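*Asks:* So that we are looking at the same thing, I have put the structure below in structure tokens.
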Amino acid sequence: MIVGQFDDISAVHGNPSVGVSQVTRAAAGALRAADSETSALIADTVIRNRNDRQYLQRVINDAGKIDEVRNKITEAITSWGACHQ
């Protein structure tokens with residue numbers, strides 16, 4: 001919804017439960033389960049670098065959960081993509 005006049009936008013509201021933010025939330029949840037930093041910035045960086053195992057080993061505290069984090073991200077991307085085809 002856009003609120004305002006034609007020459008000025010006073011506020012833009014959206015639904016954060018849809019779109020790519022659901023992938024960020026899935027990544028943050030998986031990182032939390034791996035005892036790692038869960039900020040949106042870190043989650044987005046992990047998403048972008050999900051195929052770089054060396055990077056993931058530096059960022060994810062529980063190295064035994066790297067594959068689980070990657071799987072959760074992949075599932076969320078697949079789910080998001082299925083909704084937008």
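Just so we're on the same page: first chain in the structure tokens is A, next is B, and so on; residues restart at 1 for each chain, and ligands are numbered from 1 in the order they show up.
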Using only C-alpha atoms, which residues sit within 12 Å of range 52-55 of chain A once same-chain residues fewer than 5 positions away are excluded, as a PDB file with C-alpha atoms, in the first residue's frame?
*Replies:*
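This went into around_21.pdb:
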```pdb
ATOM      1  CA  ILE A  42      25.116 -12.283   8.311  1.00  0.00           C
ATOM      2  CA  THR A  45      26.001 -13.048   3.440  1.00  0.00           C
ATOM      3  CA  VAL A  46      25.720 -16.751   4.247  1.00  0.00           C
ATOM      4  CA  ILE A  47      23.018 -17.100   1.571  1.00  0.00           C
ATOM      5  CA  ILE A  60      29.131 -21.125  11.381  1.00  0.00           C
ATOM      6  CA  ASN A  61      30.194 -22.017  14.916  1.00  0.00           C
ATOM      7  CA  ALA A  63      30.751 -26.942  11.719  1.00  0.00           C
ATOM      8  CA  GLY A  64      28.736 -30.152  11.947  1.00  0.00           C
ATOM      9  CA  LYS A  65      25.628 -28.176  10.964  1.00  0.00           C
ATOM     10  CA  ILE A  66      26.998 -26.553   7.799  1.00  0.00           C
ATOM     11  CA  ASP A  67      25.104 -28.966   5.544  1.00  0.00           C
ATOM     12  CA  VAL A  69      22.263 -24.627   7.126  1.00  0.00           C
ATOM     13  CA  ARG A  70      22.849 -25.048   3.387  1.00  0.00           C
TER      14      ARG A  70
END
```
*Asks:* Which residues, written as a list in words, have at least one atom at most 8 Å from Asp35 in chain A, with only C-alpha atoms counted and residues fewer than 2 positions away on the same chain left out?
*Replies:*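 Residues near the query, excluding close chain neighbours: Leu31, Arg32, Ala33, Glu37, Ile60, Asn61 and Asp62 of chain A.
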*Asks:* Please produce an output containing N, CA and C atoms for each residue in the selection, written as a compact mmCIF listing (two decimals), in the first residue's frame.
*Replies:*
```txt
# COMPACT_ATOMS: atom_id res chain seq x y z
N LEU A 31 21.11 -20.74 11.22
CA LEU A 31 22.32 -20.25 11.89
C LEU A 31 22.15 -20.28 13.41
N ARG A 32 20.96 -19.92 13.88
CA ARG A 32 20.68 -19.96 15.32
C ARG A 32 20.84 -21.39 15.83
N ALA A 33 20.34 -22.37 15.09
CA ALA A 33 20.46 -23.77 15.48
C ALA A 33 21.91 -24.24 15.48
N GLU A 37 25.95 -16.35 14.65
CA GLU A 37 25.36 -15.02 14.51
C GLU A 37 24.13 -15.10 13.61
N ILE A 60 30.03 -20.24 10.64
CA ILE A 60 29.13 -21.12 11.38
C ILE A 60 29.91 -21.79 12.51
N ASN A 61 29.47 -21.52 13.74
CA ASN A 61 30.19 -22.02 14.92
C ASN A 61 30.17 -23.53 15.05
N ASP A 62 29.05 -24.16 14.74
CA ASP A 62 28.95 -25.62 14.82
C ASP A 62 29.15 -26.17 13.41
```
*Asks:* Run DSSP on the backbone and grab whatever in range 24-81 of chain A lands in helix (DSSP H, G or I); send it over as a PDB file with C-alpha atoms, in the first residue's frame.
*Replies:*
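The resulting file, states.pdb, is shown below:
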```pdb
ATOM      1  CA  THR A  24      16.746 -14.669   5.096  1.00  0.00           C
ATOM      2  CA  ARG A  25      14.573 -15.830   8.011  1.00  0.00           C
ATOM      3  CA  ALA A  26      15.204 -19.493   7.138  1.00  0.00           C
ATOM      4  CA  ALA A  27      18.954 -18.849   7.026  1.00  0.00           C
ATOM      5  CA  ALA A  28      18.867 -16.987  10.349  1.00  0.00           C
ATOM      6  CA  GLY A  29      16.936 -19.845  11.960  1.00  0.00           C
ATOM      7  CA  ALA A  30      19.424 -22.408  10.686  1.00  0.00           C
ATOM      8  CA  LEU A  31      22.320 -20.247  11.894  1.00  0.00           C
ATOM      9  CA  ARG A  32      20.679 -19.963  15.315  1.00  0.00           C
ATOM     10  CA  ALA A  33      20.456 -23.774  15.482  1.00  0.00           C
ATOM     11  CA  ALA A  40      19.969 -10.288   8.704  1.00  0.00           C
ATOM     12  CA  LEU A  41      23.309  -9.049   7.366  1.00  0.00           C
ATOM     13  CA  ILE A  42      25.116 -12.283   8.311  1.00  0.00           C
ATOM     14  CA  ALA A  43      22.205 -14.419   7.082  1.00  0.00           C
ATOM     15  CA  ASP A  44      22.224 -12.652   3.704  1.00  0.00           C
ATOM     16  CA  THR A  45      26.001 -13.048   3.440  1.00  0.00           C
ATOM     17  CA  VAL A  46      25.720 -16.751   4.247  1.00  0.00           C
ATOM     18  CA  ILE A  47      23.018 -17.100   1.571  1.00  0.00           C
ATOM     19  CA  ARG A  48      25.263 -15.479  -1.038  1.00  0.00           C
ATOM     20  CA  ARG A  53      32.586 -24.159   2.381  1.00  0.00           C
ATOM     21  CA  GLN A  54      35.665 -22.334   3.698  1.00  0.00           C
ATOM     22  CA  TYR A  55      33.601 -19.200   4.288  1.00  0.00           C
ATOM     23  CA  LEU A  56      30.865 -21.200   6.019  1.00  0.00           C
ATOM     24  CA  GLN A  57      33.437 -22.865   8.294  1.00  0.00           C
ATOM     25  CA  ARG A  58      34.566 -19.405   9.430  1.00  0.00           C
ATOM     26  CA  VAL A  59      31.047 -18.100  10.061  1.00  0.00           C
ATOM     27  CA  ALA A  63      30.751 -26.942  11.719  1.00  0.00           C
ATOM     28  CA  GLY A  64      28.736 -30.152  11.947  1.00  0.00           C
ATOM     29  CA  LYS A  65      25.628 -28.176  10.964  1.00  0.00           C
ATOM     30  CA  ILE A  66      26.998 -26.553   7.799  1.00  0.00           C
ATOM     31  CA  ASP A  67      25.104 -28.966   5.544  1.00  0.00           C
ATOM     32  CA  GLU A  68      21.923 -28.411   7.548  1.00  0.00           C
ATOM     33  CA  VAL A  69      22.263 -24.627   7.126  1.00  0.00           C
ATOM     34  CA  ARG A  70      22.849 -25.048   3.387  1.00  0.00           C
ATOM     35  CA  ASN A  71      19.851 -27.396   3.092  1.00  0.00           C
ATOM     36  CA  LYS A  72      17.528 -24.955   4.900  1.00  0.00           C
ATOM     37  CA  ILE A  73      18.632 -22.152   2.583  1.00  0.00           C
ATOM     38  CA  THR A  74      18.105 -24.343  -0.489  1.00  0.00           C
ATOM     39  CA  GLU A  75      14.645 -25.393   0.732  1.00  0.00           C
ATOM     40  CA  ALA A  76      13.644 -21.770   1.309  1.00  0.00           C
ATOM     41  CA  ILE A  77      14.927 -20.690  -2.114  1.00  0.00           C
ATOM     42  CA  THR A  78      13.065 -23.572  -3.769  1.00  0.00           C
ATOM     43  CA  SER A  79       9.882 -22.722  -1.874  1.00  0.00           C
ATOM     44  CA  TRP A  80      10.173 -19.023  -2.735  1.00  0.00           C
ATOM     45  CA  GLY A  81      10.877 -19.832  -6.390  1.00  0.00           C
TER      46      GLY A  81
END
```
